[in-house]
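upload.txt (compact mmCIF, C-alpha atoms)
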```
# COMPACT_ATOMS: atom_id res chain seq x y z
CA MET A 1 0.00 0.00 0.00
CA ASP A 2 1.32 3.44 -0.95
CA ALA A 3 1.57 6.09 1.76
CA ILE A 4 -0.50 8.40 -0.48
CA GLU A 5 -2.99 7.12 -3.06
CA VAL A 6 -4.90 9.44 -5.40
CA HIS A 7 -7.50 8.27 -7.94
CA ASP A 8 -9.30 10.53 -10.43
CA LEU A 9 -9.30 13.50 -8.04
CA HIS A 10 -11.26 16.62 -9.02
CA ARG A 11 -11.78 19.99 -7.35
CA VAL A 12 -14.04 22.65 -8.84
CA PHE A 13 -14.47 26.13 -7.36
CA ARG A 14 -17.49 28.31 -8.09
CA ALA A 15 -16.91 32.05 -8.29
CA THR A 16 -19.42 34.88 -8.76
CA ILE A 17 -18.29 37.40 -11.37
CA GLY A 18 -19.74 40.60 -12.84
CA THR A 19 -21.01 43.81 -11.25
CA ILE A 20 -24.51 44.39 -12.62
CA ARG A 21 -25.28 41.07 -14.29
CA ARG A 22 -23.68 38.71 -11.83
CA ARG A 23 -23.18 35.11 -12.82
CA THR A 24 -21.52 32.01 -11.45
CA LYS A 25 -18.41 30.66 -13.12
CA GLU A 26 -16.85 27.26 -12.49
CA VAL A 27 -13.06 27.10 -12.14
CA VAL A 28 -11.52 23.64 -12.45
CA ALA A 29 -8.46 23.64 -10.18
CA VAL A 30 -7.75 19.89 -10.21
CA ASP A 31 -8.99 17.85 -13.16
CA GLY A 32 -8.90 14.08 -12.63
CA ILE A 33 -5.39 13.41 -11.34
CA SER A 34 -4.12 10.00 -10.19
CA PHE A 35 -0.79 9.07 -8.60
CA GLY A 36 0.74 7.22 -5.66
CA VAL A 37 3.59 8.06 -3.27
CA ARG A 38 5.53 5.13 -1.84
CA ASP A 39 6.32 4.83 1.85
CA GLY A 40 9.56 6.71 2.60
CA GLU A 41 9.67 8.39 -0.81
CA LEU A 42 10.37 12.05 -1.57
CA PHE A 43 7.84 12.79 -4.31
CA GLY A 44 7.75 16.08 -6.21
CA LEU A 45 4.73 17.88 -7.64
CA LEU A 46 5.89 20.40 -10.24
CA GLY A 47 3.87 23.00 -12.06
CA PRO A 48 3.46 26.70 -12.83
CA ASN A 49 1.53 29.04 -10.55
CA GLY A 50 -2.17 28.18 -10.65
CA ALA A 51 -1.58 24.65 -11.95
CA GLY A 52 -3.35 22.98 -8.99
CA LYS A 53 -0.43 22.05 -6.71
CA THR A 54 -1.61 23.78 -3.53
CA THR A 55 -5.22 22.70 -4.08
CA THR A 56 -4.03 19.09 -4.31
CA VAL A 57 -2.05 19.41 -1.08
CA LYS A 58 -5.01 20.98 0.73
CA MET A 59 -7.23 18.04 -0.27
CA LEU A 60 -4.62 15.51 0.87
CA THR A 61 -4.22 17.29 4.22
CA THR A 62 -8.03 17.30 4.75
CA LEU A 63 -8.29 21.11 4.46
CA LEU A 64 -10.43 20.90 1.30
CA ILE A 65 -13.05 18.34 0.33
CA PRO A 66 -12.65 16.95 -3.21
CA THR A 67 -15.46 17.56 -5.68
CA SER A 68 -15.09 13.95 -6.85
CA GLY A 69 -12.58 11.13 -6.92
CA THR A 70 -10.82 9.54 -3.96
CA ALA A 71 -7.60 10.03 -2.02
CA ALA A 72 -6.11 8.15 0.91
CA VAL A 73 -3.20 8.88 3.24
CA LEU A 74 -1.73 5.93 5.15
CA GLY A 75 -4.75 3.88 4.11
CA HIS A 76 -7.34 6.38 5.41
CA ASP A 77 -9.82 8.19 3.17
CA VAL A 78 -9.25 11.98 3.28
CA VAL A 79 -12.99 12.68 3.54
CA LYS A 80 -14.41 9.80 5.58
CA GLU A 81 -11.44 9.31 7.91
CA ALA A 82 -9.96 12.79 8.21
CA SER A 83 -9.67 12.52 12.01
CA ALA A 84 -7.45 9.45 11.63
CA ILE A 85 -5.15 11.24 9.15
CA ARG A 86 -4.54 14.55 10.92
CA PRO A 87 -2.48 13.25 13.88
CA ARG A 88 -0.21 11.35 11.47
CA ILE A 89 0.69 14.11 9.00
CA GLY A 90 2.51 17.43 9.09
CA PHE A 91 2.42 20.24 6.55
CA ILE A 92 3.81 23.68 5.86
CA PHE A 93 2.80 26.17 3.20
CA GLY A 94 5.19 28.69 1.66
CA GLY A 95 5.13 32.00 3.53
CA GLU A 96 5.72 33.32 7.02
CA ARG A 97 2.34 32.90 8.72
CA GLY A 98 1.72 30.34 11.43
CA LEU A 99 4.24 31.48 14.05
CA TYR A 100 4.00 33.91 16.97
CA TRP A 101 6.68 36.49 16.23
CA ARG A 102 6.89 37.97 19.72
CA LEU A 103 7.63 34.60 21.26
CA SER A 104 10.94 32.79 21.12
CA ALA A 105 11.40 29.74 18.93
CA LYS A 106 11.35 27.49 21.98
CA ASP A 107 8.14 29.05 23.33
CA ASN A 108 6.50 28.68 19.91
CA LEU A 109 7.32 24.98 19.90
CA ARG A 110 6.12 24.53 23.49
CA TYR A 111 2.80 26.15 22.58
CA PHE A 112 2.27 23.99 19.48
CA ALA A 113 3.32 20.86 21.38
CA ASP A 114 0.43 21.57 23.78
CA LEU A 115 -1.95 21.97 20.83
CA TYR A 116 -0.78 18.62 19.43
CA HIS A 117 -1.30 17.03 22.88
CA VAL A 118 2.33 15.92 23.04
CA ASP A 119 3.30 14.64 26.50
CA PRO A 120 5.32 17.41 28.29
CA ASP A 121 8.30 15.13 28.97
CA VAL A 122 8.33 13.95 25.36
CA ALA A 123 7.87 17.51 24.10
CA LYS A 124 10.91 18.74 26.01
CA ARG A 125 13.12 16.12 24.38
CA ARG A 126 11.53 16.56 20.93
CA ILE A 127 11.95 20.34 20.96
CA SER A 128 15.66 20.01 21.72
CA GLU A 129 16.11 17.38 18.97
CA LEU A 130 14.17 19.37 16.40
CA LEU A 131 16.02 22.62 17.06
CA GLU A 132 19.22 20.71 16.41
CA LEU A 133 17.79 19.11 13.25
CA VAL A 134 16.76 22.41 11.67
CA GLY A 135 19.91 24.25 12.69
CA LEU A 136 18.40 26.61 15.29
CA ALA A 137 20.13 25.19 18.38
CA GLY A 138 21.74 28.06 20.27
CA ARG A 139 19.23 30.61 18.99
CA GLU A 140 16.07 29.05 20.43
CA ASP A 141 15.61 31.80 23.04
CA GLU A 142 15.57 34.63 20.48
CA LYS A 143 12.23 36.12 19.42
CA VAL A 144 11.01 34.94 16.03
CA GLU A 145 10.58 38.55 14.86
CA GLY A 146 14.38 38.79 14.76
CA TYR A 147 14.78 35.67 12.61
CA SER A 148 15.55 35.72 8.89
CA ARG A 149 12.95 34.30 6.53
CA GLY A 150 14.99 31.12 6.12
CA MET A 151 15.18 30.63 9.89
CA ARG A 152 11.41 31.03 10.15
CA GLN A 153 10.87 28.42 7.44
CA ARG A 154 13.13 26.00 9.34
CA LEU A 155 11.13 26.70 12.50
CA HIS A 156 7.97 25.90 10.51
CA ILE A 157 9.43 22.47 9.74
CA ALA A 158 10.31 21.92 13.40
CA ARG A 159 6.73 22.84 14.35
CA CYS A 160 5.18 20.37 11.90
CA LEU A 161 7.46 17.58 13.23
CA LEU A 162 6.56 17.99 16.91
CA HIS A 163 4.08 15.11 16.93
CA ASP A 164 6.43 12.90 14.87
CA PRO A 165 4.20 12.57 11.76
CA GLN A 166 4.75 9.82 9.22
CA VAL A 167 3.91 11.88 6.14
CA LEU A 168 4.98 15.48 5.44
CA PHE A 169 3.47 17.88 2.90
CA LEU A 170 5.82 20.75 2.02
CA ASP A 171 4.16 23.29 -0.26
CA GLU A 172 6.85 25.47 -1.89
CA PRO A 173 8.89 25.66 1.35
CA THR A 174 11.83 27.53 -0.25
CA MET A 175 9.64 30.19 -1.91
CA GLY A 176 11.20 33.63 -1.48
CA LEU A 177 14.29 32.42 0.37
CA ASP A 178 17.77 33.66 -0.44
CA PRO A 179 20.14 31.05 -1.98
CA VAL A 180 21.85 30.26 1.35
CA GLY A 181 18.56 29.85 3.24
CA ALA A 182 17.09 27.70 0.45
CA ARG A 183 20.18 25.45 0.42
CA GLU A 184 20.01 24.98 4.20
CA LEU A 185 16.31 24.12 4.01
CA ARG A 186 16.89 21.57 1.24
CA GLN A 187 19.45 19.86 3.47
CA VAL A 188 16.86 19.67 6.26
CA ILE A 189 14.47 17.98 3.79
CA ARG A 190 17.17 15.44 2.87
CA ASP A 191 17.69 14.70 6.57
CA LEU A 192 13.96 14.04 6.99
CA VAL A 193 13.98 11.52 4.14
CA ALA A 194 16.99 9.85 5.76
CA GLN A 195 14.74 9.36 8.81
CA GLU A 196 12.33 7.44 6.53
CA LYS A 197 9.66 10.13 6.43
CA THR A 198 7.39 10.21 3.39
CA VAL A 199 7.55 13.68 1.83
CA LEU A 200 5.38 15.26 -0.85
CA LEU A 201 7.11 18.43 -2.04
CA THR A 202 5.53 21.01 -4.34
CA THR A 203 7.79 23.45 -6.14
CA HIS A 204 8.26 25.30 -9.41
CA TYR A 205 12.05 25.27 -9.07
CA MET A 206 13.33 22.64 -11.50
CA PHE A 207 16.81 22.33 -10.01
CA GLU A 208 15.24 21.70 -6.60
CA ALA A 209 13.13 18.84 -7.88
CA ASP A 210 16.11 17.43 -9.79
CA ALA A 211 18.31 17.50 -6.68
CA LEU A 212 15.79 16.16 -4.14
CA CYS A 213 13.03 14.05 -5.65
CA GLU A 214 12.99 10.35 -6.45
CA ARG A 215 9.99 10.81 -8.75
CA VAL A 216 8.23 13.88 -10.10
CA ALA A 217 4.71 14.53 -11.39
CA VAL A 218 4.26 17.56 -13.64
CA ILE A 219 0.83 19.19 -13.28
CA ASN A 220 -0.54 21.82 -15.64
CA HIS A 221 -4.07 23.25 -15.82
CA GLY A 222 -5.13 20.75 -13.17
CA LYS A 223 -3.95 17.65 -15.08
CA ILE A 224 -0.84 15.50 -14.64
CA VAL A 225 1.01 15.69 -17.96
CA ALA A 226 4.01 13.51 -16.97
CA LEU A 227 5.16 11.32 -14.07
CA ASP A 228 8.65 9.85 -13.94
CA THR A 229 12.06 10.11 -12.31
CA PRO A 230 13.93 13.38 -12.99
CA GLU A 231 16.17 11.51 -15.43
CA GLY A 232 13.14 9.99 -17.13
CA LEU A 233 11.52 13.40 -17.54
CA LYS A 234 14.67 14.76 -19.15
CA ARG A 235 14.16 12.26 -21.96
CA HIS A 236 11.11 14.29 -23.03
CA ALA A 237 13.60 16.87 -24.31
CA GLU A 238 16.52 14.68 -25.35
CA ASP A 239 15.90 15.43 -29.03
CA LEU A 240 16.26 19.15 -28.41
CA HIS A 241 19.16 21.55 -28.17
CA ILE A 242 18.80 24.86 -26.36
CA VAL A 243 20.08 28.06 -27.88
CA GLU A 244 20.62 30.81 -25.30
CA VAL A 245 20.97 34.40 -26.49
CA GLU A 246 21.72 37.32 -24.17
CA VAL A 247 19.35 40.09 -25.25
CA PHE A 248 18.35 43.58 -24.18
CA GLY A 249 14.78 44.84 -24.53
CA ILE A 250 13.12 42.02 -26.49
CA GLY A 251 9.39 42.42 -27.09
CA HIS A 252 6.45 40.04 -27.43
CA GLU A 253 6.21 40.53 -31.20
CA THR A 254 9.77 39.32 -31.73
CA VAL A 255 9.19 36.29 -29.49
CA ASP A 256 6.03 35.44 -31.45
CA GLN A 257 7.98 35.65 -34.73
CA LEU A 258 10.59 33.24 -33.42
CA ARG A 259 7.85 30.79 -32.38
CA GLN A 260 6.63 30.70 -35.99
CA MET A 261 9.92 29.23 -37.25
CA PRO A 262 9.34 25.59 -38.34
CA GLU A 263 12.51 24.36 -36.60
CA VAL A 264 11.61 25.99 -33.26
CA ASP A 265 9.90 23.90 -30.56
CA THR A 266 9.44 26.46 -27.75
CA VAL A 267 10.63 29.97 -26.89
CA SER A 268 10.90 31.56 -23.46
CA VAL A 269 12.52 34.65 -21.93
CA GLU A 270 14.17 34.83 -18.51
CA ASP A 271 15.10 38.00 -16.61
CA ARG A 272 18.68 37.86 -15.37
CA ASP A 273 19.98 40.87 -13.43
CA GLN A 274 19.72 43.82 -15.83
CA LYS A 275 19.50 41.75 -19.01
CA GLN A 276 17.37 38.98 -20.46
CA ALA A 277 18.12 35.46 -21.68
CA LEU A 278 16.25 34.22 -24.74
CA LEU A 279 15.90 30.40 -24.65
CA ILE A 280 14.99 28.67 -27.90
CA HIS A 281 14.48 24.89 -28.07
CA SER A 282 15.25 23.41 -31.47
CA ARG A 283 15.95 19.97 -32.89
CA ILE A 284 18.63 21.28 -35.26
CA GLY A 285 20.83 22.87 -32.57
CA SER A 286 23.50 25.31 -33.70
CA ALA A 287 22.23 25.21 -37.32
CA ILE A 288 19.36 27.48 -36.32
CA VAL A 289 21.60 30.18 -34.79
CA PRO A 290 22.02 32.23 -38.03
CA GLN A 291 18.22 32.37 -38.50
CA ILE A 292 17.73 33.51 -34.90
CA LEU A 293 20.40 36.20 -35.12
CA HIS A 294 19.00 37.46 -38.43
CA SER A 295 15.50 37.73 -36.94
CA LEU A 296 16.74 39.55 -33.83
CA ASP A 297 18.92 41.92 -35.85
CA GLY A 298 16.01 42.68 -38.14
CA ASN A 299 13.94 43.76 -35.14
CA GLY A 300 16.69 46.01 -33.75
CA ILE A 301 17.38 43.81 -30.70
CA ARG A 302 20.75 44.28 -28.98
CA MET A 303 22.48 40.96 -28.43
CA GLY A 304 25.26 39.58 -26.25
CA LYS A 305 26.68 36.09 -25.79
CA VAL A 306 25.18 33.17 -27.76
CA SER A 307 25.54 29.55 -26.60
CA VAL A 308 24.10 26.11 -27.41
CA ARG A 309 23.69 23.46 -24.68
CA GLU A 310 22.09 20.10 -23.89
CA PRO A 311 18.61 19.95 -22.27
CA THR A 312 17.99 19.97 -18.49
CA LEU A 313 14.95 19.04 -16.38
CA GLU A 314 13.80 22.63 -16.72
CA ASP A 315 13.85 22.33 -20.50
CA ALA A 316 11.79 19.14 -20.34
CA TYR A 317 9.36 20.94 -18.02
CA VAL A 318 9.01 23.90 -20.42
CA ARG A 319 8.24 21.48 -23.24
CA LEU A 320 5.62 19.65 -21.15
CA VAL A 321 3.75 22.72 -19.92
CA GLY A 322 4.24 24.89 -23.02
CA GLY A 323 6.87 27.46 -23.95
CA ALA A 324 4.75 30.40 -22.84
CA ALA A 325 4.48 29.11 -19.24
```

Rewrite the coordinates I just gave you, this time as structure tokens.
Amino acid sequence: MDAIEVHDLHRVFRATIGTIRRRTKEVVAVDGISFGVRDGELFGLLGPNGAGKTTTVKMLTTLLIPTSGTAAVLGHDVVKEASAIRPRIGFIFGGERGLYWRLSAKDNLRYFADLYHVDPDVAKRRISELLELVGLAGREDEKVEGYSRGMRQRLHIARCLLHDPQVLFLDEPTMGLDPVGARELRQVIRDLVAQEKTVLLTTHYMFEADALCERVAVINHGKIVALDTPEGLKRHAEDLHIVEVEVFGIGHETVDQLRQMPEVDTVSVEDRDQKQALLIHSRIGSAIVPQILHSLDGNGIRMGKVSVREPTLEDAYVRLVGGAA
């Protein structure tokens, strides 16, 4: 039995729109997804903003009731047996809410241990162990308001581990963190997997999924479009080469023109410091570079370095969800 089992899960929201002639509109957030997470596995759920990742996690943590379909955590149905699931799971959502800033880290954990009905003697030992695990030992008496964002995220993880849950749901835990804080938090996640915890991680950082996850499901517009190991997903783009062009001030019209080229698979633009990187996926590799440069020059685009490289997990992801994502 998988630790998490999902079968044909749907979630539809109904929103009222309009000012004078108001009407109800249905928004399909999750559209018939199915997957399983093995016991002790670190499973990734990848997708752009609004793809349905957080909605899925909220259903699996019993915070939202599915519109249809079934889901089970540790063999318990998320709707019919929610009370059996809650004591055995922990979850954090990206952001800084959920802590009392004017209390110290230790006092926060004491308070939440009481809410989780953890025996006081056990709680004392657990708090000390968890502060060590998340790298906050020695700073536990400082008020949370003086912590960096990364330190608060690590305290969030300590809080959700107080009752020693078997399954953890981490929804974009490194969102907004600086590179050092994100790296430290990823190491904490690795340590949790080493303790044989089952972890479902949602993220839209490709390198994070590549570094951490055993398997990854890519979700887009509420549907799972691929499910495989990171290496397996890369094979979706193995026939492509990626041309990167450093550009300054490229517009939508130029990007649309490049997308019309028969040899071009997808086109995307990334902001990097004070310049932009134009990424073009093509099956013919460096042979397409003269066409690209001619098109950019014809539109008056200033260019810098040009390079051609092999595909990464991010490139496979862009191909799966569409070049405009």

>> as a ChimeraX atom specification, please: the residues near region 264-276 of chain A (cut-off 9 Å, all atoms listed in the file, same-chain neighbours under 3 positions excluded).
In response: /A:240,245-250,255-256,258-261,279-284,288,318-319,322-325

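Residue nearest Asp239 (chain A) within the list A:Asp114, A:Asp315, A:Asp39, A:Glu26: A:Asp315 [criterion: smallest interatomic distance, only C-alpha atoms].
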
>> Applying 9 Å and all atoms listed in the file, which residues near Met59 (chain A) remain after dropping the ones on its own chain fewer than 3 positions away? List them as a list in words.
In response: Arg11, Thr54, Thr55, Thr56, Thr62, Leu63, Leu64, Ile65, Pro66, Ala71, Val78 and Val79 of chain A

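Each of A:Gln153, A:Glu142, A:Leu162, A:Thr254 was compared to Ser295 (chain A) using all atoms listed in the file, and A:Thr254 turns out to be the nearest.
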
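Near Leu192 (chain A), within 12 Å and counting all atoms listed in the file, sit Gly40, Glu41, Leu42, Leu130, Leu133, Val134, Ile157, Ala158, Cys160, Leu161, Asp164, Pro165, Gln166, Val167, Leu168, Phe169, Leu170, Leu185, Arg186, Gln187, Lys197, Thr198, Val199, Leu200 and Leu212 of chain A, not including residues fewer than 5 positions from it in the same chain.
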
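Closest to Gly69 (chain A) among A:Arg126, A:Arg21, A:Arg97, A:His10 is A:His10, based on all atoms listed in the file.
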
> When you draw a straight line from CA of Ala15 (chain A) to CA of Ile224 (chain A), how long is it in Å?
Replying inline: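 Computing the Euclidean distance for CA of Ala15 (chain A) and CA of Ile224 (chain A) yields 23.9 Å.
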
> Which residues, written as an NGL selection string, have at least one atom at most 12 Å from Val306 (chain A), with all atoms listed in the file counted and residues fewer than 2 positions away on the same chain left out?
Replying inline: :A and (242-247 or 277-280 or 286 or 288-290 or 292-293 or 303-304 or 308-309)

> What residues have an atom no more than 8 Å from (17.7, 30.7, 5.6) in the file's own frame, counting only C-alpha atoms, and can you write them as a ChimeraX atom specification?
Replying inline: /A:148-154,177-185

Write a file of the just-selected residues containing C-alpha atoms, as a tab-separated table (two decimals), in the frame of the given file.
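The result, stored in part13.tsv:
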```tsv
chain	number	residue	atom	x	y	z
A	148	SER	CA	15.55	35.72	8.89
A	149	ARG	CA	12.95	34.30	6.53
A	150	GLY	CA	14.99	31.12	6.12
A	151	MET	CA	15.18	30.63	9.89
A	152	ARG	CA	11.41	31.03	10.15
A	153	GLN	CA	10.87	28.42	7.44
A	154	ARG	CA	13.13	26.00	9.34
A	177	LEU	CA	14.29	32.42	0.37
A	178	ASP	CA	17.77	33.66	-0.44
A	179	PRO	CA	20.14	31.05	-1.98
A	180	VAL	CA	21.85	30.26	1.35
A	181	GLY	CA	18.56	29.85	3.24
A	182	ALA	CA	17.09	27.70	0.45
A	183	ARG	CA	20.18	25.45	0.42
A	184	GLU	CA	20.01	24.98	4.20
A	185	LEU	CA	16.31	24.12	4.01
```

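Picture a line from CA of Val321 (chain A) to CA of Gly47 (chain A); it runs 7.9 Å.
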
>> Just to confirm, what's the straight-line distance from CA of Arg139 (chain A) to CA of Gly98 (chain A) in Å (one decimal)?
In response: 19.1 Å

>> Quick one: residues within 10 Å of Asp107 (chain A), all atoms listed in the file, excluding same-chain residues fewer than 5 positions away - as a list in words?
In response: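 Contacts, in chain order: Tyr100, Arg102, Phe112, Ala113, Ile127, Glu140, Asp141, Glu142, Lys143 and Val144 of chain A.
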
> Pick the closest to Ala211 (chain A) from A:Asn108, A:Val73, A:Gly44, A:Gly135: which is it, counting only C-alpha atoms?
Replying inline: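 Result for the nearest residue to Ala211 (chain A): A:Gly44.
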
Listed atoms of region 286-296 of chain A boxed axis-aligned with 3 Å per side, centre + edges as AutoDock Vina command-line options:
```
--center_x 19.5 --center_y 32.4 --center_z -36.1 --size_x 14.0 --size_y 20.3 --size_z 10.8
```

> At most 7 Å from (-6.5, 5.8, 10.1), file frame, only C-alpha atoms: which residues, as a VMD selection string?
Replying inline: chain A and resid 74 to 76 81 84 to 85

Selecting N, CA and C atoms, how would region 58-72 of chain A from this structure be written as a PDB file, in the first residue's frame?
```
ATOM      1  N   LYS A  58      -3.949  20.670  -0.243  1.00  0.00           N
ATOM      2  CA  LYS A  58      -5.011  20.980   0.727  1.00  0.00           C
ATOM      3  C   LYS A  58      -6.040  19.850   0.801  1.00  0.00           C
ATOM      4  N   MET A  59      -6.310  19.184  -0.313  1.00  0.00           N
ATOM      5  CA  MET A  59      -7.225  18.044  -0.266  1.00  0.00           C
ATOM      6  C   MET A  59      -6.589  16.867   0.468  1.00  0.00           C
ATOM      7  N   LEU A  60      -5.302  16.633   0.227  1.00  0.00           N
ATOM      8  CA  LEU A  60      -4.625  15.508   0.867  1.00  0.00           C
ATOM      9  C   LEU A  60      -4.410  15.732   2.361  1.00  0.00           C
ATOM     10  N   THR A  61      -4.375  16.990   2.793  1.00  0.00           N
ATOM     11  CA  THR A  61      -4.216  17.289   4.217  1.00  0.00           C
ATOM     12  C   THR A  61      -5.553  17.550   4.903  1.00  0.00           C
ATOM     13  N   THR A  62      -6.645  17.226   4.242  1.00  0.00           N
ATOM     14  CA  THR A  62      -8.027  17.304   4.751  1.00  0.00           C
ATOM     15  C   THR A  62      -8.508  18.738   4.957  1.00  0.00           C
ATOM     16  N   LEU A  63      -7.854  19.716   4.338  1.00  0.00           N
ATOM     17  CA  LEU A  63      -8.286  21.111   4.464  1.00  0.00           C
ATOM     18  C   LEU A  63      -9.341  21.476   3.428  1.00  0.00           C
ATOM     19  N   LEU A  64      -9.413  20.702   2.333  1.00  0.00           N
ATOM     20  CA  LEU A  64     -10.429  20.896   1.302  1.00  0.00           C
ATOM     21  C   LEU A  64     -11.067  19.553   0.983  1.00  0.00           C
ATOM     22  N   ILE A  65     -12.360  19.561   0.728  1.00  0.00           N
ATOM     23  CA  ILE A  65     -13.053  18.338   0.335  1.00  0.00           C
ATOM     24  C   ILE A  65     -13.057  18.235  -1.184  1.00  0.00           C
ATOM     25  N   PRO A  66     -12.636  17.108  -1.750  1.00  0.00           N
ATOM     26  CA  PRO A  66     -12.652  16.951  -3.209  1.00  0.00           C
ATOM     27  C   PRO A  66     -14.065  17.049  -3.771  1.00  0.00           C
ATOM     28  N   THR A  67     -14.170  17.552  -4.993  1.00  0.00           N
ATOM     29  CA  THR A  67     -15.461  17.561  -5.679  1.00  0.00           C
ATOM     30  C   THR A  67     -15.846  16.144  -6.082  1.00  0.00           C
ATOM     31  N   SER A  68     -14.868  15.363  -6.536  1.00  0.00           N
ATOM     32  CA  SER A  68     -15.094  13.950  -6.854  1.00  0.00           C
ATOM     33  C   SER A  68     -13.751  13.234  -6.866  1.00  0.00           C
ATOM     34  N   GLY A  69     -13.798  11.921  -6.986  1.00  0.00           N
ATOM     35  CA  GLY A  69     -12.584  11.126  -6.923  1.00  0.00           C
ATOM     36  C   GLY A  69     -12.266  10.741  -5.482  1.00  0.00           C
ATOM     37  N   THR A  70     -11.194   9.986  -5.294  1.00  0.00           N
ATOM     38  CA  THR A  70     -10.817   9.535  -3.957  1.00  0.00           C
ATOM     39  C   THR A  70      -9.328   9.769  -3.709  1.00  0.00           C
ATOM     40  N   ALA A  71      -9.001   9.908  -2.439  1.00  0.00           N
ATOM     41  CA  ALA A  71      -7.603  10.028  -2.022  1.00  0.00           C
ATOM     42  C   ALA A  71      -7.478   9.428  -0.632  1.00  0.00           C
ATOM     43  N   ALA A  72      -6.361   8.761  -0.394  1.00  0.00           N
ATOM     44  CA  ALA A  72      -6.114   8.150   0.910  1.00  0.00           C
ATOM     45  C   ALA A  72      -4.685   8.439   1.349  1.00  0.00           C
TER      46      ALA A  72
END
```
